[in-house]
>>> print(open('query.cif').read())   # mmCIF, C-alpha atoms and all ligand atoms
data_my_file
#
loop_
_atom_site.label_atom_id
_atom_site.label_comp_id
_atom_site.auth_asym_id
_atom_site.auth_seq_id
_atom_site.Cartn_x
_atom_site.Cartn_y
_atom_site.Cartn_z
CA MET G 640 -25.44 -12.47 17.87
CA LYS G 641 -22.69 -11.09 15.63
CA LEU G 642 -21.30 -13.21 12.78
CA HIS G 643 -17.80 -13.46 14.24
CA THR G 644 -19.18 -14.74 17.58
CA LYS G 645 -21.23 -17.39 15.79
CA LEU G 646 -18.20 -18.39 13.68
CA LEU G 647 -16.00 -18.64 16.76
CA ILE G 648 -18.52 -20.83 18.61
CA ALA G 649 -18.88 -23.03 15.52
CA LEU G 650 -15.10 -23.31 15.28
CA VAL G 651 -14.55 -24.35 18.90
CA ALA G 652 -17.54 -26.70 18.92
CA GLY G 653 -16.40 -28.23 15.60
CA PHE G 654 -12.91 -28.87 16.93
CA ALA G 655 -14.13 -30.36 20.20
CA ALA G 656 -16.78 -32.57 18.62
CA GLY G 657 -14.40 -33.59 15.82
CA ALA G 658 -11.68 -34.60 18.30
CA VAL G 659 -14.20 -36.76 20.18
CA ALA G 660 -15.38 -38.25 16.88
CA HIS G 661 -11.76 -39.09 16.05
CA ALA G 662 -11.54 -41.09 19.25
CA TYR G 663 -14.71 -42.95 18.23
CA GLY G 664 -13.52 -43.48 14.62
CA GLY G 665 -15.01 -46.67 13.22
CA VAL G 666 -18.34 -46.26 15.05
CA PRO G 667 -20.79 -46.33 12.10
CA ALA G 668 -23.07 -43.52 13.36
CA VAL G 669 -20.13 -41.16 13.91
CA ASP G 670 -18.60 -41.92 10.52
CA PHE G 671 -21.99 -41.50 8.86
CA LEU G 672 -22.50 -38.12 10.49
CA GLY G 673 -19.05 -36.92 9.42
CA ALA G 674 -18.85 -38.34 5.92
CA GLN G 675 -22.47 -38.35 4.75
CA ILE G 676 -23.98 -35.33 6.47
CA LEU G 677 -21.41 -32.78 7.56
CA ARG G 678 -18.96 -33.24 4.69
CA PRO G 679 -21.55 -32.40 1.99
CA ILE G 680 -22.73 -29.38 4.01
CA GLY G 681 -19.20 -27.97 4.13
CA GLN G 682 -18.49 -28.78 0.48
CA ILE G 683 -21.73 -27.27 -0.83
CA PHE G 684 -21.04 -24.09 1.11
CA LEU G 685 -17.50 -23.81 -0.25
CA ARG G 686 -18.69 -24.44 -3.80
CA LEU G 687 -21.25 -21.69 -3.44
CA ILE G 688 -18.51 -19.29 -2.39
CA PHE G 689 -16.06 -20.47 -5.06
CA MET G 690 -18.78 -20.03 -7.66
CA THR G 691 -18.74 -16.30 -6.97
CA VAL G 692 -14.97 -15.91 -6.81
CA VAL G 693 -14.13 -15.93 -10.53
CA PRO G 694 -16.75 -13.38 -11.71
CA MET G 695 -16.12 -11.34 -8.59
CA VAL G 696 -12.35 -11.19 -9.06
CA PHE G 697 -12.79 -10.37 -12.72
CA ALA G 698 -15.34 -7.62 -12.08
CA ALA G 699 -13.34 -6.20 -9.16
CA LEU G 700 -10.17 -6.03 -11.22
CA VAL G 701 -11.89 -4.44 -14.22
CA ILE G 702 -13.51 -1.79 -12.04
CA GLY G 703 -10.42 -1.32 -9.88
CA VAL G 704 -8.04 -0.89 -12.79
CA TYR G 705 -10.49 1.39 -14.61
CA GLU G 706 -11.07 3.61 -11.60
CA LEU G 707 -7.43 3.82 -10.63
CA GLY G 708 -6.31 4.42 -14.20
CA ARG G 709 -8.92 7.13 -14.70
CA GLU G 710 -7.66 9.26 -11.86
CA HIS G 711 -4.08 8.88 -10.79
CA GLY G 712 -2.87 6.00 -12.85
CA LEU G 713 -2.64 2.46 -11.62
CA GLY G 714 1.12 2.64 -11.22
CA GLY G 715 1.12 4.23 -7.77
CA ALA G 716 -1.25 1.83 -6.05
CA ALA G 717 0.09 -1.20 -7.91
CA GLY G 718 3.67 -0.23 -7.14
CA ARG G 719 2.95 0.19 -3.46
CA THR G 720 1.04 -3.11 -3.36
CA LEU G 721 4.02 -4.90 -4.88
CA LEU G 722 6.44 -3.18 -2.52
CA PHE G 723 4.44 -4.04 0.61
CA THR G 724 3.96 -7.62 -0.64
CA MET G 725 7.71 -8.08 -1.02
CA PHE G 726 8.46 -6.38 2.29
CA LEU G 727 5.88 -8.30 4.34
CA SER G 728 6.81 -11.63 2.75
CA ALA G 729 10.48 -10.98 3.49
CA THR G 730 9.90 -10.03 7.15
CA SER G 731 7.77 -13.11 7.75
CA VAL G 732 10.29 -15.50 6.20
CA VAL G 733 13.16 -13.93 8.15
CA LEU G 734 11.15 -14.13 11.41
CA GLY G 735 10.33 -17.79 10.79
CA MET G 736 13.90 -18.68 9.92
CA LEU G 737 15.28 -16.95 13.00
CA LEU G 738 12.82 -18.88 15.17
CA VAL G 739 13.47 -22.26 13.58
CA ASN G 740 17.21 -21.77 14.01
CA ALA G 741 16.74 -20.79 17.65
CA ILE G 742 14.20 -23.49 18.63
CA ARG G 743 15.58 -26.26 16.36
CA PRO G 744 12.36 -28.31 16.40
CA GLY G 745 13.75 -30.86 13.95
CA ALA G 746 16.85 -31.79 15.93
CA ASN G 747 16.31 -34.97 17.99
CA LEU G 748 12.73 -35.41 16.87
CA PRO G 749 11.45 -37.97 19.41
CA VAL G 750 9.17 -39.88 17.04
CA ARG G 751 9.27 -40.17 13.31
CA PRO G 752 5.71 -40.62 12.11
CA ALA G 753 5.58 -42.99 9.17
CA ALA G 754 5.73 -41.12 5.91
CA ASP G 755 2.49 -41.23 3.95
CA THR G 756 3.96 -42.37 0.64
CA ALA G 757 0.76 -42.13 -1.39
CA ALA G 758 0.20 -38.55 -0.28
CA VAL G 759 3.81 -37.60 -1.01
CA GLN G 760 3.53 -39.14 -4.48
CA ARG G 761 0.41 -37.07 -5.14
CA LEU G 762 2.32 -33.98 -4.08
CA GLU G 763 5.20 -34.88 -6.35
CA THR G 764 2.81 -35.07 -9.30
CA ASN G 765 1.39 -31.66 -8.38
CA ALA G 766 4.85 -30.22 -7.97
CA ALA G 767 5.88 -31.49 -11.38
CA ALA G 768 2.88 -29.73 -12.91
CA ALA G 769 3.52 -26.45 -11.08
CA LYS G 770 5.18 -23.50 -12.77
CA PRO G 771 8.91 -23.16 -12.13
CA LEU G 772 9.59 -20.51 -9.51
CA SER G 773 11.48 -18.36 -12.00
CA ASP G 774 8.28 -18.12 -14.09
CA VAL G 775 6.33 -16.96 -11.06
CA LEU G 776 8.69 -13.99 -10.78
CA ILE G 777 8.73 -13.29 -14.51
CA GLU G 778 4.95 -13.32 -14.73
CA LEU G 779 4.66 -10.59 -12.13
CA ILE G 780 5.82 -8.22 -14.87
CA PRO G 781 3.53 -7.96 -17.90
CA ARG G 782 5.11 -8.59 -21.29
CA ARG G 783 5.84 -5.47 -23.30
CA GLY G 784 3.54 -6.58 -26.12
CA GLU G 785 0.66 -6.99 -23.69
CA ARG G 786 0.83 -3.39 -22.60
CA GLU G 787 1.78 -1.58 -25.75
CA SER G 788 -0.09 -2.08 -28.94
CA PRO G 789 1.99 -2.77 -32.04
CA ASN G 790 -0.39 -0.57 -34.03
CA PRO G 791 -1.40 2.46 -31.96
CA GLU G 792 -3.04 4.43 -34.84
CA GLN G 793 -5.40 1.62 -35.68
CA ASP G 794 -6.18 1.23 -31.99
CA ALA G 795 -6.94 4.91 -31.69
CA ALA G 796 -9.34 4.67 -34.63
CA VAL G 797 -11.06 1.63 -33.12
CA GLY G 798 -11.08 3.37 -29.77
CA GLN G 799 -12.90 6.43 -31.09
CA PRO G 800 -16.36 4.82 -31.25
CA PHE G 801 -15.85 3.56 -27.73
CA ARG G 802 -17.37 6.65 -26.19
CA ALA G 803 -17.74 7.60 -22.59
CA ALA G 804 -21.36 6.42 -22.48
CA GLU G 805 -20.38 2.93 -23.57
CA ARG G 806 -17.53 2.90 -21.13
CA ASN G 807 -19.89 3.81 -18.35
CA LEU G 808 -22.25 1.07 -19.44
CA LEU G 809 -19.46 -1.46 -19.26
CA VAL G 810 -18.35 -0.29 -15.84
CA ARG G 811 -21.95 -0.37 -14.62
CA PHE G 812 -22.28 -3.89 -15.98
CA PHE G 813 -19.28 -5.09 -13.98
CA ASP G 814 -20.51 -3.18 -10.95
CA GLN G 815 -23.77 -5.12 -11.16
CA ILE G 816 -21.93 -8.42 -11.47
CA PHE G 817 -19.89 -7.54 -8.43
CA ASP G 818 -22.99 -6.59 -6.45
CA ALA G 819 -24.79 -9.78 -7.48
CA CYS G 820 -21.84 -11.85 -6.27
CA MET G 821 -21.82 -9.93 -3.01
CA ARG G 822 -25.49 -10.75 -2.56
CA ILE G 823 -24.90 -14.46 -3.11
CA VAL G 824 -22.06 -14.29 -0.58
CA GLY G 825 -24.41 -12.53 1.84
CA TRP G 826 -26.89 -15.43 1.57
CA ALA G 827 -24.13 -18.00 1.89
CA MET G 828 -22.87 -16.23 5.01
CA LEU G 829 -26.16 -17.01 6.75
CA ALA G 830 -25.13 -20.65 6.61
CA ALA G 831 -21.46 -19.92 7.41
CA PRO G 832 -21.54 -20.97 11.10
CA LEU G 833 -23.05 -24.36 10.23
CA ALA G 834 -20.56 -24.78 7.37
CA VAL G 835 -17.62 -23.84 9.60
CA PHE G 836 -18.76 -26.38 12.19
CA ALA G 837 -19.01 -29.04 9.49
CA ILE G 838 -15.61 -28.29 7.93
CA VAL G 839 -13.72 -28.08 11.22
CA PHE G 840 -15.50 -31.16 12.63
CA ASN G 841 -14.32 -33.26 9.72
CA THR G 842 -10.78 -31.89 9.88
CA ALA G 843 -10.48 -32.79 13.58
CA ARG G 844 -12.25 -36.12 13.04
CA GLU G 845 -9.80 -37.07 10.34
CA PHE G 846 -6.52 -36.00 11.94
CA GLY G 847 -7.13 -36.15 15.69
CA THR G 848 -4.63 -34.59 18.06
CA ASP G 849 -2.01 -37.35 18.64
CA ILE G 850 0.22 -36.25 15.80
CA PHE G 851 0.58 -32.84 17.44
CA GLN G 852 2.50 -34.31 20.34
CA ALA G 853 5.31 -35.64 18.17
CA LEU G 854 5.57 -32.43 16.20
CA LEU G 855 4.75 -30.04 19.01
CA LEU G 856 7.92 -27.95 18.76
CA TYR G 857 7.54 -27.58 15.01
CA VAL G 858 3.90 -26.52 15.37
CA ILE G 859 4.87 -24.05 18.11
CA THR G 860 7.62 -22.58 15.91
CA VAL G 861 5.24 -21.94 13.01
CA VAL G 862 2.47 -20.53 15.19
CA ALA G 863 4.89 -18.32 17.17
CA GLY G 864 6.32 -16.96 13.92
CA LEU G 865 2.85 -16.15 12.61
CA LEU G 866 1.92 -14.36 15.83
CA LEU G 867 5.18 -12.40 15.79
CA GLN G 868 4.54 -11.33 12.21
CA ALA G 869 1.20 -9.90 13.31
CA LEU G 870 2.55 -8.27 16.48
CA LEU G 871 5.95 -7.01 15.34
CA VAL G 872 5.22 -6.18 11.71
CA TYR G 873 1.52 -5.64 11.01
CA ALA G 874 0.68 -3.74 14.19
CA PRO G 875 3.51 -1.15 14.01
CA LEU G 876 2.98 -0.67 10.26
CA LEU G 877 -0.72 -0.05 10.77
CA ARG G 878 0.02 2.38 13.55
CA VAL G 879 2.87 4.29 11.88
CA VAL G 880 2.13 4.15 8.16
CA GLY G 881 -1.61 3.51 8.20
CA ARG G 882 -2.30 5.75 11.20
CA ARG G 883 -4.86 3.28 12.51
CA SER G 884 -5.22 1.59 15.86
CA PRO G 885 -4.10 -2.05 15.40
CA LEU G 886 -6.66 -3.17 17.98
CA ALA G 887 -9.52 -1.40 16.24
CA PHE G 888 -8.29 -2.93 12.98
CA LEU G 889 -8.33 -6.40 14.51
CA ARG G 890 -11.83 -5.83 15.84
CA ASP G 891 -13.00 -4.83 12.38
CA VAL G 892 -11.46 -7.78 10.57
CA ARG G 893 -11.99 -10.52 13.18
CA GLU G 894 -14.75 -12.28 11.26
CA VAL G 895 -12.48 -12.51 8.23
CA VAL G 896 -9.70 -13.99 10.39
CA VAL G 897 -11.99 -16.63 11.91
CA TYR G 898 -13.41 -17.45 8.51
CA ALA G 899 -9.97 -17.74 6.86
CA PHE G 900 -8.85 -19.95 9.75
CA SER G 901 -11.85 -22.23 9.31
CA THR G 902 -11.72 -22.60 5.53
CA ALA G 903 -7.89 -22.53 5.10
CA SER G 904 -8.42 -20.82 1.77
CA SER G 905 -7.54 -17.24 0.84
CA ASN G 906 -9.66 -17.54 -2.29
CA ALA G 907 -12.74 -18.66 -0.37
CA THR G 908 -12.21 -15.79 2.06
CA LEU G 909 -11.86 -13.12 -0.63
CA PRO G 910 -15.55 -12.21 -0.89
CA LEU G 911 -15.80 -11.65 2.86
CA SER G 912 -12.53 -9.65 2.92
CA LEU G 913 -13.86 -7.40 0.16
CA LYS G 914 -17.04 -6.80 2.09
CA VAL G 915 -15.31 -6.08 5.40
CA ALA G 916 -12.74 -3.80 3.73
CA GLU G 917 -15.52 -1.61 2.41
CA THR G 918 -18.04 -1.78 5.21
CA LYS G 919 -15.96 -2.05 8.39
CA LEU G 920 -12.53 -0.69 7.49
CA GLN G 921 -14.14 1.94 5.27
CA LEU G 922 -11.47 1.58 2.62
CA SER G 923 -11.98 3.01 -0.81
CA PRO G 924 -13.54 0.21 -2.92
CA ARG G 925 -11.34 1.04 -5.87
CA ILE G 926 -8.21 0.46 -3.77
CA SER G 927 -9.42 -2.47 -1.70
CA ARG G 928 -10.89 -4.38 -4.64
CA PHE G 929 -7.63 -4.11 -6.51
CA VAL G 930 -5.31 -4.86 -3.58
CA LEU G 931 -7.36 -7.71 -2.12
CA THR G 932 -7.95 -9.55 -5.38
CA VAL G 933 -4.26 -9.38 -6.27
CA GLY G 934 -3.26 -10.09 -2.65
CA SER G 935 -5.41 -13.20 -2.31
CA THR G 936 -3.01 -15.06 -4.58
CA ALA G 937 0.20 -13.01 -4.47
CA ASN G 938 0.52 -11.86 -0.87
CA GLN G 939 0.83 -14.94 1.32
CA ASN G 940 2.99 -13.89 4.27
CA GLY G 941 1.90 -16.76 6.49
CA THR G 942 2.59 -19.26 3.73
CA ALA G 943 6.05 -17.79 3.05
CA LEU G 944 6.91 -18.10 6.76
CA PHE G 945 5.56 -21.65 6.91
CA GLU G 946 7.61 -22.64 3.87
CA GLY G 947 10.86 -21.24 5.30
CA VAL G 948 10.30 -22.89 8.69
CA THR G 949 9.27 -26.24 7.19
CA LEU G 950 12.26 -26.44 4.88
CA LEU G 951 14.73 -25.74 7.66
CA PHE G 952 12.83 -28.07 10.00
CA LEU G 953 13.14 -30.90 7.47
CA ALA G 954 16.82 -30.12 7.00
CA GLN G 955 17.23 -30.48 10.77
CA VAL G 956 15.28 -33.76 10.79
CA TYR G 957 17.59 -35.19 8.14
CA ALA G 958 20.63 -33.64 9.84
CA LEU G 959 21.49 -31.71 6.67
CA ASP G 960 23.76 -28.85 7.53
CA LEU G 961 22.61 -26.07 5.25
CA THR G 962 25.29 -23.47 4.68
CA PHE G 963 24.50 -19.80 5.15
CA GLY G 964 24.29 -19.49 1.37
CA GLN G 965 21.78 -22.36 1.17
CA GLN G 966 19.70 -20.80 3.93
CA ILE G 967 19.61 -17.53 1.99
CA ARG G 968 18.51 -19.54 -1.03
CA VAL G 969 15.73 -21.14 1.02
CA MET G 970 14.74 -17.67 2.18
CA VAL G 971 14.52 -16.14 -1.29
CA MET G 972 12.75 -19.19 -2.70
CA SER G 973 10.24 -19.17 0.16
CA ILE G 974 9.38 -15.56 -0.59
CA VAL G 975 8.88 -16.35 -4.28
CA ALA G 976 7.04 -19.59 -3.49
CA GLY G 977 4.73 -17.66 -1.15
CA ILE G 978 3.86 -15.31 -4.00
CA GLY G 979 3.29 -18.20 -6.41
CA THR G 980 1.13 -20.29 -4.07
CA ALA G 981 -2.54 -20.73 -4.95
CA GLY G 982 -4.96 -19.53 -2.27
CA VAL G 983 -6.49 -22.96 -1.69
CA PRO G 984 -6.09 -25.45 1.17
CA GLY G 985 -2.67 -27.07 0.93
CA GLY G 986 -1.70 -24.76 -1.94
CA SER G 987 1.83 -24.35 -0.62
CA LEU G 988 2.72 -28.03 -0.37
CA PRO G 989 3.76 -28.55 -4.02
CA MET G 990 5.82 -25.35 -3.77
CA ILE G 991 7.68 -26.63 -0.71
CA LEU G 992 8.45 -29.82 -2.53
CA ILE G 993 10.01 -27.91 -5.43
CA VAL G 994 12.23 -25.88 -3.10
CA ALA G 995 13.05 -28.95 -0.96
CA GLN G 996 14.25 -30.85 -3.99
CA SER G 997 16.37 -27.93 -5.13
CA VAL G 998 18.32 -27.88 -1.85
CA GLY G 999 18.54 -31.64 -1.51
CA ILE G 1000 15.90 -32.29 1.18
CA PRO G 1001 14.28 -35.72 0.61
CA ALA G 1002 10.70 -35.52 -0.66
CA GLU G 1003 9.50 -38.16 1.84
CA GLY G 1004 10.08 -35.54 4.52
CA MET G 1005 6.78 -34.00 3.48
CA GLY G 1006 5.09 -37.12 4.84
CA LEU G 1007 6.17 -36.07 8.32
CA ILE G 1008 4.27 -32.84 8.31
CA LEU G 1009 1.11 -33.81 6.45
CA GLY G 1010 -0.68 -34.79 9.64
CA VAL G 1011 -0.36 -31.33 11.16
CA ASP G 1012 -0.51 -29.46 7.90
CA ARG G 1013 -4.22 -28.78 7.91
CA PHE G 1014 -4.02 -27.06 11.29
CA LEU G 1015 -0.99 -25.02 10.22
CA ASP G 1016 -2.77 -24.24 6.95
CA MET G 1017 -5.62 -22.73 8.95
CA CYS G 1018 -3.18 -20.58 10.94
CA ARG G 1019 -1.15 -19.41 7.96
CA THR G 1020 -4.24 -18.64 5.88
CA ALA G 1021 -5.54 -16.40 8.69
CA VAL G 1022 -2.25 -14.47 8.51
CA ASN G 1023 -2.25 -14.44 4.68
CA VAL G 1024 -5.65 -12.81 4.59
CA THR G 1025 -4.89 -10.39 7.43
CA GLY G 1026 -1.76 -9.36 5.51
CA ASP G 1027 -3.88 -8.56 2.44
CA LEU G 1028 -6.17 -6.36 4.50
CA VAL G 1029 -3.17 -4.67 6.13
CA ILE G 1030 -1.73 -3.83 2.71
CA ALA G 1031 -5.11 -2.55 1.52
CA ALA G 1032 -5.26 -0.25 4.55
CA LEU G 1033 -1.70 0.96 4.01
CA VAL G 1034 -2.12 1.56 0.27
CA ASP G 1035 -5.43 3.32 0.84
CA LYS G 1036 -3.90 5.59 3.45
CA ARG G 1037 -1.01 6.56 1.23
CA SER G 1038 -3.12 7.14 -1.84
CA GLY G 1039 -4.20 10.63 -0.92
CA PRO G 1040 -7.13 11.85 -2.97
CA ILE G 1041 -8.07 8.43 -4.35
CA GLY G 1042 -8.33 6.93 -0.92
CA ALA G 1043 -10.22 9.93 0.33
CA GLN G 1044 -12.89 9.81 -2.37
CA ARG G 1045 -15.20 6.96 -1.53
CA ALA G 1046 -17.01 5.49 -4.47
CA PRO G 1047 -20.61 4.48 -3.75
CA VAL G 1048 -20.71 0.82 -2.77
N1 LIG F 1101 -4.17 -22.29 2.25
C1 LIG F 1101 -3.33 -21.16 1.96
C2 LIG F 1101 -4.19 -20.01 1.45
O1 LIG F 1101 -5.24 -20.23 0.91
C3 LIG F 1101 -2.25 -21.48 0.98
C4 LIG F 1101 -1.27 -22.44 1.62
O2 LIG F 1101 -0.39 -21.98 2.35
O3 LIG F 1101 -1.37 -23.64 1.44
O4 LIG F 1101 -3.83 -18.88 1.60
#
>>> encode(input="query.cif", output="structure tokens")
Amino acid sequence: MKLHTKLLIALVAGFAAGAVAHAYGGVPAVDFLGAQILRPIGQIFLRLIFMTVVPMVFAALVIGVYELGREHGLGGAAGRTLLFTMFLSATSVVLGMLLVNAIRPGANLPVRPAADTAAVQRLETNAAAAKPLSDVLIELIPRRGERESPNPEQDAAVGQPFRAAERNLLVRFFDQIFDACMRIVGWAMLAAPLAVFAIVFNTAREFGTDIFQALLLYVITVVAGLLLQALLVYAPLLRVVGRRSPLAFLRDVREVVVYAFSTASSNATLPLSLKVAETKLQLSPRISRFVLTVGSTANQNGTALFEGVTLLFLAQVYALDLTFGQQIRVMVMSIVAGIGTAGVPGGSLPMILIVAQSVGIPAEGMGLILGVDRFLDMCRTAVNVTGDLVIAALVDKRSGPIGAQRAPV
């Protein structure tokens, strides 16, 4: 059986069993199974993956930048990555905002679930510690001093002994690190179906399905926006710019989508995306390693859409009439917040709080959506990761000779 089929079965079974377990919450055997057996299984698996992420990202970036710089210069691929990131984030936020204005899920909300004050307070602490949005934008551009040495002659002299052989050794070293990480991920993937079952079981056991009824229109708005982003933006771009069949693309990346959905973490999905980009999509490793590692934190189209929809939804709940100017502000800030969001479960929540406060939406509003957030997190993460792979395919296609020359994997 293929990995994506196993993951899908684990996902559906986990949801179903978890929903039943929610109904039997308080029964000692059920709670024991969830908290003492399945929770550690899921956590150990995720830790194993996270353990590989830092060395893998570092090695992938070193190799990617070296390879790109050696041939055509990094500028082209990096520039296109940035351009596509901005464009895709903007389309998704606009789509979401159009939908939330049309559906108005926050007007006449039938039930107001009690706000979870402790959780909101935790978020407020996180938000206070987060970087201001302006810094997120500024940090996209390297400082002059970081790129240009103040003493080029001395650097040239130091650089002389750094001969090609040593450079190759260094690149080979990072290549080995990357391959070792890939191997660990390969082993971890053997346990992925069990881990996905465990993670999804506990999510469903904890949150149940009741909350969805009260917030159904809001959930539908977010999910519809995410689907439209895939259908109206990704698919045509892949077809026209990437000259690939969107359906074949989806078939190739489906295991990544299911995995991202289950873990709700772009970072945890990165190793699998890197593997699929090289093996299934047949992208040039030097392009895909660069684009995917940068994209896993910077390109979060699903998150940007979710942030725009949630902010306007909360404004509707509190009957705040945002002016056109304020809506534009929400739009721009959602794009930037999407770029600045960490690729971890719930990474966007502190960002939303920052933007909410800046347009006068009460922080307690976040308490309303926390119950459905995990499910929406799963959906938006699947889109975030798909967006990264789409950009990698587009940048690879447009990179001419670099994309055409496949480095040995
Ligand atoms: N969980 C998302 C990701 O990892 C981030 C978020 O929207 O909270 O991509």
>>> closest_residue(input="query.cif", among="G:Pro744, G:Gly1006, G:Gly999, G:Pro989", to="ligand LIG 1101 (chain F)", atoms="all atoms listed in the file")
G:Pro989
>>> residues_near_ligand(input="query.cif", ligand="ligand LIG 1101 (chain F)", cutoff="9 Å", atoms="all atoms listed in the file", output="ChimeraX atom specification")
/G:899,902-908,935-936,938-943,945-946,977,980-989,1012-1013,1015-1024
>>> residues_around(input="query.cif", residues="region 653-657 of chain G", least_positions_apart="6", cutoff="6 Å", atoms="only C-alpha atoms", output="ChimeraX atom specification")
/G:836,839-840,843-844
>>> closest_residue(input="query.cif", among="G:Val1029, G:Val835, G:Val659, G:Val971", to="Val892 (chain G)", atoms="all atoms listed in the file")
G:Val1029
>>> residues_around(input="query.cif", residues="Ile648 (chain G)", least_positions_apart="2", cutoff="12 Å", atoms="all atoms listed in the file", output="list in words")
Met640, Lys641, Leu642, His643, Thr644, Lys645, Leu646, Leu650, Val651, Ala652, Gly653, Phe654, Ala655, Ala656, Ala831, Pro832, Leu833, Val835, Phe836, Val839, Glu894, Val897, Tyr898 and Ser901 of chain G
>>> atom_distance(input="query.cif", atom1="CA of Pro667 (chain G)", atom2="CA of Ala830 (chain G)")
26.6 Å
>>> atom_distance(input="query.cif", atom1="CA of Val1011 (chain G)", atom2="CA of Thr860 (chain G)")
12.8 Å
>>> closest_residue(input="query.cif", among="G:Met1005, G:Ala717, G:Met828, G:Ala662", to="Arg928 (chain G)", atoms="all atoms listed in the file")
G:Ala717
>>> build_atoms(input="query.cif", residues="region 1008-1013 of chain G", atoms="all heavy atoms", output="CSV table (one decimal), in the coordinates of the input")
chain,number,residue,atom,x,y,z
G,1008,ILE,N,5.0,-34.0,7.9
G,1008,ILE,CA,4.3,-32.8,8.3
G,1008,ILE,C,2.8,-32.9,7.9
G,1008,ILE,O,2.0,-32.1,8.3
G,1008,ILE,CB,4.9,-31.5,7.8
G,1008,ILE,CG1,5.0,-31.5,6.3
G,1008,ILE,CG2,6.3,-31.3,8.4
G,1008,ILE,CD1,5.0,-30.1,5.8
G,1009,LEU,N,2.5,-33.8,7.0
G,1009,LEU,CA,1.1,-33.8,6.4
G,1009,LEU,C,0.0,-33.9,7.5
G,1009,LEU,O,-1.0,-33.3,7.4
G,1009,LEU,CB,0.9,-34.9,5.4
G,1009,LEU,CG,1.7,-34.7,4.1
G,1009,LEU,CD1,1.3,-35.8,3.1
G,1009,LEU,CD2,1.3,-33.3,3.5
G,1010,GLY,N,0.3,-34.6,8.6
G,1010,GLY,CA,-0.7,-34.8,9.6
G,1010,GLY,C,-1.0,-33.5,10.3
G,1010,GLY,O,-2.2,-33.3,10.8
G,1011,VAL,N,-0.1,-32.6,10.5
G,1011,VAL,CA,-0.4,-31.3,11.2
G,1011,VAL,C,-0.6,-30.2,10.2
G,1011,VAL,O,-0.9,-29.1,10.5
G,1011,VAL,CB,0.8,-30.9,12.1
G,1011,VAL,CG1,0.8,-31.8,13.4
G,1011,VAL,CG2,2.1,-30.9,11.5
G,1012,ASP,N,-0.5,-30.5,8.9
G,1012,ASP,CA,-0.5,-29.5,7.9
G,1012,ASP,C,-1.8,-28.7,7.9
G,1012,ASP,O,-1.9,-27.5,7.7
G,1012,ASP,CB,-0.2,-30.0,6.5
G,1012,ASP,CG,-0.3,-28.8,5.5
G,1012,ASP,OD1,0.6,-27.9,5.7
G,1012,ASP,OD2,-1.1,-28.8,4.7
G,1013,ARG,N,-2.9,-29.5,8.0
G,1013,ARG,CA,-4.2,-28.8,7.9
G,1013,ARG,C,-4.3,-27.7,9.0
G,1013,ARG,O,-4.8,-26.6,8.7
G,1013,ARG,CB,-5.3,-29.8,8.0
G,1013,ARG,CG,-6.7,-29.2,7.9
G,1013,ARG,CD,-6.9,-28.5,6.5
G,1013,ARG,NE,-8.1,-27.7,6.5
G,1013,ARG,CZ,-9.0,-27.7,5.6
G,1013,ARG,NH1,-8.8,-28.4,4.4
G,1013,ARG,NH2,-10.1,-27.0,5.6
